[in-house]
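*Asks:* Structure below; questions to follow.
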Amino acid sequence: MAEDQGGEREGRGMIALFLAGAMLQAAPPASPPIASSSVQPFSQARVKAAARLIDLLQIDRTLDAMFVQLAPSFGQSVLGILATNSQTKAVIDKLVTEAPENRDRMVAILGQEFVTSVKRQYPSFKRQMAQEYATAFTLDELTAISAFYSSGPGAKALTLIPQLQAKMSVAGQAIGRVAGEEAGRRAFERIEEEMLPEMKKRPAA
């Protein structure tokens with residue numbers, strides 16, 4: 001009995017390790033570091049001013065919107081990886097066979113856990129962001145930027161810009177659909193015009 005429990009724990013441990021690896025593979029690639037505009041050392045006053053600015057910019061809200069949008073794609077990617085691994089495939093297949101809608105539920109669970117995990121990284125990310133801002137801007141510049149976002153127009157901009165970005169995102173998706181349909185049609189026409197004649201010219205094997 002003890003051996004069975006030990007084997008079960010070991011199996012779960014292996015699956016947990018694999019799941020962690022799958023999540024790393026499916027996570028969005030990290031953006032390349034931004035080159036700092038200054039290599040001069042900066043004071044803690046600049047770091048504090050940068051941190052205050054970041055709080056004013058409501059970075060948490062921006063990150064939430066970004067990662068919530070990424071969560072479904074992340075869930076789909078991880079589920080695809082799990083569905084092909086020998087240690088997890090049987091469980092995935094069983095759940096989907098039992099009820100096809102379980103696939104969507106698993107994607108949702110994976111996405112929820114992704115968002116929960118990434119939110120735990122916000123404090124570290126914001127500290128790093130403050131360091132970058134403190135490097136890029138002087139204390140006077142940071143103070144002036146914060147003063148703007150604390151003013152009426154600045155506060156209004158912080159409220160309305162995310163809404164405007166959301167509207168433009170919808171407009172961008174519409175443009176993408178139109179462009180995609182046009183590009184697909186024109187590309188297929190070119191494939192027929194350019195590639196089919198080439199095949200006819202080739203000698204028969």
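Residues in the structure tokens are numbered from 1 in each chain, the chains being A, B, ... in the order shown, and ligands are numbered from 1 in the order shown.
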Quick one: residues within 10 Å of region 45-47 of chain A, only C-alpha atoms counted, chain neighbours fewer than 2 positions away excluded, as number ranges by chain?

*Replies:* A: 42-43, 49-53, 127-135, 137-143

*Asks:* List as JSON, numbers by chain the protein and nucleic acid residues near Gln165 (chain A), meaning an atom at most 12 Å away when only C-alpha atoms are counted, but skip any in the same chain fewer than 6 places from it.

*Replies:* {"A": [62, 65, 66, 157, 158, 159, 171, 172]}

*Asks:* Of the residues A:Ala136, A:Asp60, A:Lys167, A:Ala90, which is the one nearest to Arg120 (chain A), using only C-alpha atoms?

*Replies:*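 Going through A:Ala136, A:Asp60, A:Lys167, A:Ala90 one by one, the smallest distance to Arg120 (chain A) is for A:Asp60.
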
*Asks:* For Leu70 (chain A), which residue out of A:Thr84, A:Gln44, A:Gln112, A:Thr97 is the nearest one, using only C-alpha atoms?

*Replies:*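 Comparing A:Thr84, A:Gln44, A:Gln112, A:Thr97 against Leu70 (chain A), the winner is A:Gln112.
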